$ cat work18.cif   # mmCIF, C-alpha atoms and all ligand atoms
data_upload
loop_
_atom_site.label_atom_id
_atom_site.label_comp_id
_atom_site.auth_asym_id
_atom_site.auth_seq_id
_atom_site.Cartn_x
_atom_site.Cartn_y
_atom_site.Cartn_z
CA MET A 1 0.00 0.00 0.00
CA THR A 2 1.24 3.46 -0.84
CA PHE A 3 1.08 6.18 1.78
CA ALA A 4 -0.62 9.03 -0.07
CA ALA A 5 0.04 12.63 0.98
CA THR A 6 -2.12 15.46 -0.33
CA ILE A 7 -0.86 18.97 0.43
CA LEU A 8 -3.20 21.95 0.24
CA THR A 9 -0.93 24.96 -0.22
CA LEU A 10 -0.41 28.30 -1.94
CA TYR A 11 3.12 27.12 -2.81
CA PRO A 12 2.85 23.66 -4.45
CA GLU A 13 6.34 24.14 -5.91
CA MET A 14 7.75 23.62 -2.38
CA PHE A 15 6.92 19.87 -2.66
CA PRO A 16 8.43 17.33 -2.55
CA GLY A 17 11.38 19.73 -1.99
CA PRO A 18 13.77 18.16 0.52
CA LEU A 19 11.60 15.01 0.59
CA GLY A 20 12.72 14.30 -2.98
CA VAL A 21 16.26 13.62 -1.68
CA SER A 22 17.93 10.85 0.34
CA LEU A 23 15.81 8.32 2.26
CA ALA A 24 12.41 9.91 1.50
CA GLY A 25 13.40 10.62 -2.10
CA ARG A 26 14.39 7.02 -2.74
CA ALA A 27 11.15 5.81 -1.14
CA LEU A 28 9.20 8.24 -3.35
CA ALA A 29 10.95 6.93 -6.47
CA ASP A 30 10.21 3.36 -5.31
CA GLY A 31 6.49 4.15 -4.94
CA LYS A 32 6.43 3.62 -1.17
CA TRP A 33 4.68 6.95 -0.78
CA SER A 34 3.18 9.53 -3.13
CA ILE A 35 2.58 13.25 -2.92
CA THR A 36 -0.07 15.42 -4.58
CA PRO A 37 0.36 19.15 -3.99
CA VAL A 38 -2.90 21.01 -4.58
CA GLN A 39 -3.02 24.77 -5.23
CA ILE A 40 -5.54 26.34 -2.82
CA ARG A 41 -5.94 29.28 -5.21
CA ASP A 42 -7.60 26.94 -7.74
CA PHE A 43 -10.63 26.89 -5.43
CA ALA A 44 -11.11 30.68 -5.36
CA THR A 45 -14.32 31.75 -7.02
CA ASP A 46 -13.75 35.35 -8.10
CA LYS A 47 -11.84 36.51 -11.16
CA HIS A 48 -8.90 37.71 -9.06
CA ARG A 49 -8.65 34.24 -7.51
CA THR A 50 -8.74 35.73 -4.02
CA VAL A 51 -7.82 33.38 -1.16
CA ASP A 52 -7.57 35.83 1.73
CA ASP A 53 -9.15 38.91 3.22
CA THR A 54 -8.51 41.38 6.02
CA PRO A 55 -9.06 40.22 9.63
CA ALA A 56 -12.46 40.94 11.14
CA GLY A 57 -11.98 43.31 14.05
CA GLY A 58 -8.94 44.90 12.42
CA GLY A 59 -5.23 44.31 12.77
CA ALA A 60 -2.30 43.45 10.55
CA GLY A 61 -2.07 40.75 7.90
CA MET A 62 -4.57 38.66 5.97
CA VAL A 63 -6.71 35.65 6.84
CA LEU A 64 -7.35 32.62 4.58
CA LYS A 65 -11.01 32.48 3.60
CA ALA A 66 -13.16 29.64 5.01
CA ASP A 67 -15.16 29.14 1.78
CA VAL A 68 -12.02 28.67 -0.36
CA LEU A 69 -10.40 26.39 2.25
CA ALA A 70 -13.58 24.29 2.48
CA SER A 71 -13.65 23.74 -1.30
CA ALA A 72 -9.99 22.67 -1.22
CA ILE A 73 -10.61 20.29 1.71
CA ASP A 74 -13.71 18.82 0.05
CA HIS A 75 -11.69 18.20 -3.11
CA ALA A 76 -8.97 16.41 -1.10
CA ARG A 77 -11.58 14.27 0.68
CA ARG A 78 -13.03 13.12 -2.63
CA HIS A 79 -9.49 12.30 -3.78
CA SER A 80 -8.44 10.53 -0.49
CA PRO A 81 -11.61 9.78 1.47
CA ASP A 82 -9.87 7.86 4.27
CA ALA A 83 -6.95 10.19 4.96
CA PRO A 84 -7.27 12.43 8.04
CA VAL A 85 -7.05 16.17 7.33
CA LEU A 86 -4.44 17.98 9.43
CA ALA A 87 -4.14 21.78 9.50
CA MET A 88 -0.74 23.19 10.41
CA THR A 89 -1.12 25.90 13.04
CA PRO A 90 0.78 27.02 16.14
CA ARG A 91 -2.62 26.94 17.90
CA GLY A 92 -2.86 23.17 17.33
CA LYS A 93 -2.04 20.18 19.49
CA PRO A 94 1.72 19.59 19.55
CA ILE A 95 2.60 16.66 17.26
CA THR A 96 4.02 13.58 19.00
CA GLN A 97 5.90 10.52 17.81
CA ALA A 98 2.88 8.42 18.88
CA ARG A 99 0.59 10.39 16.53
CA VAL A 100 3.20 10.15 13.75
CA ARG A 101 3.22 6.36 14.18
CA GLU A 102 -0.58 6.23 13.89
CA LEU A 103 -0.52 8.37 10.75
CA ALA A 104 2.26 6.31 9.16
CA ALA A 105 0.21 3.14 9.75
CA GLY A 106 -2.77 4.64 7.92
CA PRO A 107 -3.61 5.29 4.24
CA GLY A 108 -1.97 8.72 4.17
CA VAL A 109 -2.66 12.28 5.21
CA THR A 110 -4.07 15.52 3.81
CA ILE A 111 -2.19 18.55 5.12
CA LEU A 112 -3.57 22.07 5.01
CA CYS A 113 -0.81 24.71 5.03
CA GLY A 114 -1.56 28.20 6.30
CA ARG A 115 0.04 31.49 5.31
CA PHE A 116 -0.28 35.09 6.46
CA GLU A 117 -2.20 35.30 9.77
CA GLY A 118 -3.65 31.82 9.32
CA PHE A 119 -7.15 30.39 8.82
CA ASP A 120 -10.67 31.71 9.32
CA GLU A 121 -11.51 29.86 12.57
CA ARG A 122 -14.88 28.68 11.23
CA ILE A 123 -13.14 26.13 8.99
CA PHE A 124 -12.48 24.07 12.14
CA GLU A 125 -16.19 24.08 12.98
CA GLY A 126 -17.37 23.40 9.45
CA ARG A 127 -14.99 20.59 8.54
CA ASP A 128 -13.42 17.64 10.38
CA VAL A 129 -9.87 18.97 10.65
CA GLU A 130 -7.18 18.14 13.22
CA GLU A 131 -5.18 21.23 14.24
CA VAL A 132 -1.51 20.32 14.63
CA SER A 133 1.49 22.35 15.80
CA VAL A 134 5.09 21.34 15.18
CA GLY A 135 6.37 23.24 18.21
CA ASP A 136 6.19 26.51 20.11
CA ILE A 137 7.67 28.54 17.28
CA VAL A 138 6.07 30.64 14.54
CA LEU A 139 6.87 29.76 10.93
CA SER A 140 6.02 31.96 7.96
CA GLY A 141 3.87 29.18 6.49
CA GLY A 142 2.58 25.67 7.05
CA GLU A 143 4.76 24.19 4.28
CA PRO A 144 7.91 23.57 6.35
CA ALA A 145 5.68 22.13 9.08
CA ALA A 146 4.09 19.78 6.52
CA LEU A 147 7.53 18.71 5.25
CA MET A 148 8.61 17.97 8.81
CA LEU A 149 5.50 15.95 9.61
CA LEU A 150 5.74 13.98 6.36
CA ASP A 151 9.42 13.26 6.88
CA ALA A 152 8.63 11.78 10.30
CA CYS A 153 5.90 9.56 8.78
CA ILE A 154 7.86 8.44 5.71
CA ARG A 155 10.86 7.09 7.61
CA LEU A 156 8.47 4.75 9.46
CA LEU A 157 6.87 3.28 6.34
CA PRO A 158 7.66 -0.40 5.77
CA GLY A 159 10.93 -0.90 3.91
CA VAL A 160 12.02 2.75 4.05
CA MET A 161 14.62 2.38 6.79
CA GLY A 162 16.84 -0.68 6.81
CA ALA A 163 15.52 -3.66 8.75
CA ALA A 164 18.24 -3.11 11.36
CA SER A 165 16.86 0.28 12.42
CA SER A 166 13.18 -0.27 13.07
CA GLY A 167 13.09 3.05 14.89
CA ALA A 168 12.01 1.29 18.07
CA GLU A 169 15.00 2.57 20.05
CA GLU A 170 14.75 6.20 18.95
CA SER A 171 14.00 9.16 21.16
CA PHE A 172 10.34 9.35 22.32
CA GLU A 173 9.49 5.76 21.35
CA ASP A 174 9.37 4.75 25.01
CA GLY A 175 8.72 8.26 26.31
CA LEU A 176 12.43 8.94 26.82
CA LEU A 177 15.18 10.69 24.88
CA GLU A 178 17.61 8.29 23.27
CA TYR A 179 21.01 7.63 24.89
CA PRO A 180 24.03 9.45 23.35
CA HIS A 181 26.10 7.94 20.53
CA TYR A 182 29.84 7.76 19.83
CA THR A 183 32.00 6.49 16.99
CA ARG A 184 35.69 6.23 16.08
CA PRO A 185 38.24 7.63 16.70
CA VAL A 186 38.31 6.31 20.25
CA GLU A 187 40.15 9.46 21.32
CA TRP A 188 39.31 12.89 19.88
CA GLU A 189 40.86 16.11 21.26
CA GLY A 190 41.68 14.23 24.45
CA ARG A 191 38.11 12.94 24.92
CA THR A 192 37.52 9.20 24.89
CA ILE A 193 34.47 7.09 24.17
CA PRO A 194 32.97 5.82 27.48
CA GLU A 195 34.80 2.63 28.44
CA VAL A 196 31.63 0.56 28.83
CA LEU A 197 30.79 1.01 25.12
CA ARG A 198 34.14 -0.56 24.24
CA SER A 199 33.79 -3.44 26.71
CA GLY A 200 31.85 -5.79 24.41
CA ASP A 201 29.63 -6.64 27.41
CA HIS A 202 26.15 -6.30 25.89
CA ALA A 203 24.27 -6.46 29.17
CA LYS A 204 26.46 -3.73 30.66
CA ILE A 205 26.07 -1.61 27.52
CA ALA A 206 22.28 -1.96 27.61
CA ALA A 207 22.22 -0.99 31.29
CA TRP A 208 24.44 2.07 30.63
CA ARG A 209 22.25 3.17 27.73
CA LYS A 210 19.06 2.82 29.77
CA GLN A 211 20.59 4.78 32.62
CA ARG A 212 21.80 7.60 30.30
CA ALA A 213 18.43 7.75 28.52
CA GLU A 214 16.70 8.18 31.88
CA GLU A 215 19.21 10.65 33.29
CA ASP A 216 19.30 12.82 30.16
CA THR A 217 15.51 12.86 29.91
CA ARG A 218 15.19 13.87 33.57
CA LEU A 219 17.71 16.71 33.18
CA ARG A 220 16.84 17.95 29.67
CA ARG A 221 13.12 17.28 29.44
CA PRO A 222 11.51 17.27 32.89
CA ASP A 223 8.12 17.36 31.11
CA LEU A 224 8.79 14.04 29.35
CA TRP A 225 10.34 12.53 32.48
CA GLU A 226 7.31 13.34 34.61
CA ARG A 227 5.00 11.70 32.07
CA HIS A 228 7.29 8.67 31.76
CA VAL A 229 7.45 8.16 35.54
CA GLY A 230 3.67 8.65 35.81
CA ALA A 231 3.01 6.05 33.09
CA ARG A 232 5.53 3.64 34.63
CA ASP A 233 4.03 3.94 38.13
CA GLN A 234 0.54 3.57 36.74
CA SER A 235 1.36 0.41 34.80
CA ALA A 236 3.16 -0.99 37.87
CA SER A 237 0.12 -0.34 40.07
CA GLY A 238 -2.11 -1.79 37.31
CA ALA A 239 0.02 -4.92 37.41
CA ARG A 240 -0.32 -5.10 41.21
CA HIS A 241 -4.11 -4.80 40.92
CA ARG A 242 -4.19 -7.55 38.32
CA THR A 243 -2.08 -9.84 40.55
CA LYS A 244 -4.46 -9.18 43.45
CA ASP A 245 -7.48 -9.94 41.26
CA LEU A 246 -5.94 -13.24 40.27
CA GLY A 247 -5.23 -14.10 43.89
CA SER A 248 -8.75 -13.41 45.16
N1 LIG A 301 -1.07 34.31 13.35
C1 LIG A 301 -0.76 32.94 13.63
C2 LIG A 301 0.56 32.52 12.99
C3 LIG A 301 0.48 32.44 11.50
S1 LIG A 301 1.98 31.87 10.82
C4 LIG A 301 -0.64 32.75 15.12
O1 LIG A 301 -0.06 33.60 15.78
O2 LIG A 301 -1.07 31.71 15.63
C5 LIG A 301 1.46 31.38 9.20
C6 LIG A 301 1.20 29.91 9.01
O3 LIG A 301 2.37 29.19 9.30
C7 LIG A 301 0.14 29.30 9.90
O4 LIG A 301 -1.15 29.47 9.38
C8 LIG A 301 0.54 27.84 9.94
O5 LIG A 301 0.02 27.13 8.82
C9 LIG A 301 2.05 27.91 9.81
N2 LIG A 301 2.72 27.74 11.10
C10 LIG A 301 3.41 28.68 11.79
N3 LIG A 301 3.91 28.18 12.92
C11 LIG A 301 3.55 26.89 12.99
C12 LIG A 301 3.74 25.84 13.95
N4 LIG A 301 4.43 26.04 15.07
N5 LIG A 301 3.21 24.63 13.68
C13 LIG A 301 2.49 24.41 12.56
N6 LIG A 301 2.26 25.37 11.62
C14 LIG A 301 2.78 26.59 11.83
#
$ encode --input "work18.cif" --output "structure tokens"
Amino acid sequence: MTFAATILTLYPEMFPGPLGVSLAGRALADGKWSITPVQIRDFATDKHRTVDDTPAGGGAGMVLKADVLASAIDHARRHSPDAPVLAMTPRGKPITQARVRELAAGPGVTILCGRFEGFDERIFEGRDVEEVSVGDIVLSGGEPAALMLLDACIRLLPGVMGAASSGAEESFEDGLLEYPHYTRPVEWEGRTIPEVLRSGDHAKIAAWRKQRAEEDTRLRRPDLWERHVGARDQSASGARHRTKDLGS
């Protein structure tokens, strides 16, 4: 099955862009995924092909019109009826690796890219659209956000990464950052690779990696650490309850 991406954008020429190169580019050439950029302006109804208008209530910038966006979304739904529609916006729910995994396991995705001040809010009431943010930063448009989201999905598609790297050990897969990596030379500017990684003792290496993943997550991302510890404690207490149930 091919993962089909439809991109609703004012700049279709930005796609596949960087996704036409390297891992994603090879997968695209091999037919493991496909991309259809759709020009939002094609759904404008006036002779000037207007897609935006001034913000109600005043203020700087322009707002993408709900009627034009709805026509573009409806077109994409006819084209890919089963793909979820995601709108890129800093007001959306922050994207997670778990959501990326779900998307990559599905038929594909339709991504709506904003520009200017963003979307007329009524589009989110009138259409089934998931609002997604790629982080607490403001981009000039949704296109780089769409490229980022697609890149994360594509590398998870079957056969895109080598069999050896299933992605299961990466950062966020178990709610932790990944442990740090090293490679030759063993000594660089007086700094050596941690001894344990050169010991050949696989159990010791695994223990070191787990400990570093936990320590680094706790220090660098207290938000992730808190969630990880919460989930761990909860599943441990769930296990205790289950044991009790069995005993009674
Ligand atoms: N006025 C908006 C920002 C608009 S930026 C606000 O303050 O919320 C223009 C477009 O860039 C947005 O419509 C969105 O599609 C995209 N964009 C900007 N930052 C983003 C982010 N963090 N995540 C996803 N999309 C983003």
$ residues_around --input "work18.cif" --residues "A:Leu103" --least-positions-apart "5" --cutoff "12 Å" --atoms "all atoms listed in the file" --output "PyMOL selection string"
chain A and resi 3-5+82-86+95-98+108-111+149-157
$ residues_near_ligand --input "work18.cif" --ligand "ligand LIG 301 (chain A)" --cutoff "12 Å" --atoms "only C-alpha atoms and all ligand atoms" --output "MDAnalysis selection string"
chainID A and resid 7:10 52 55 59:65 86:95 111:121 130:149
$ atom_distance --input "work18.cif" --atom1 "atom CA of A:Arg122" --atom2 "atom CA of A:Ala56"
12.5 Å
$ residues_around --input "work18.cif" --residues "stretch 42-46 of chain A" --least-positions-apart "5" --cutoff "8 Å" --atoms "only C-alpha atoms" --output "ChimeraX atom specification"
/A:51,68-69,71-72
$ atom_distance --input "work18.cif" --atom1 "atom CA of A:Asp233" --atom2 "atom CA of A:Gln211"
17.5 Å
$ atom_distance --input "work18.cif" --atom1 "atom CA of A:Val100" --atom2 "atom CA of A:Phe172"
11.2 Å
$ closest_residue --input "work18.cif" --among "A:Val196, A:Leu224, A:Ala236, A:Leu176" --to "A:Lys210" --atoms "only C-alpha atoms"
A:Leu176
$ closest_residue --input "work18.cif" --among "A:Thr54, A:Ser235, A:Thr6, A:Ser34" --to "A:His75" --atoms "only C-alpha atoms"
A:Thr6
$ closest_residue --input "work18.cif" --among "A:Asp74, A:Leu219, A:Arg232, A:Trp33" --to "A:Pro107" --atoms "all atoms listed in the file"
A:Trp33
$ residues_around --input "work18.cif" --residues "A:Ser171" --least-positions-apart "2" --cutoff "12 Å" --atoms "only C-alpha atoms" --output "PyMOL selection string"
chain A and resi 96-98+167-169+173-180+210+213-214+216-217+221+224
$ write_last_selection --input "work18.cif" --atoms "C-alpha atoms" --output "short mmCIF file (atom, residue, chain, number, x, y, z; two decimals), keeping the file's coordinate frame"
data_model
loop_
_atom_site.label_atom_id
_atom_site.label_comp_id
_atom_site.auth_asym_id
_atom_site.auth_seq_id
_atom_site.Cartn_x
_atom_site.Cartn_y
_atom_site.Cartn_z
CA THR A 96 4.02 13.58 19.00
CA GLN A 97 5.90 10.52 17.81
CA ALA A 98 2.88 8.42 18.88
CA GLY A 167 13.09 3.05 14.89
CA ALA A 168 12.01 1.29 18.07
CA GLU A 169 15.00 2.57 20.05
CA GLU A 173 9.49 5.76 21.35
CA ASP A 174 9.37 4.75 25.01
CA GLY A 175 8.72 8.26 26.31
CA LEU A 176 12.43 8.94 26.82
CA LEU A 177 15.18 10.69 24.88
CA GLU A 178 17.61 8.29 23.27
CA TYR A 179 21.01 7.63 24.89
CA PRO A 180 24.03 9.45 23.35
CA LYS A 210 19.06 2.82 29.77
CA ALA A 213 18.43 7.75 28.52
CA GLU A 214 16.70 8.18 31.88
CA ASP A 216 19.30 12.82 30.16
CA THR A 217 15.51 12.86 29.91
CA ARG A 221 13.12 17.28 29.44
CA LEU A 224 8.79 14.04 29.35
#
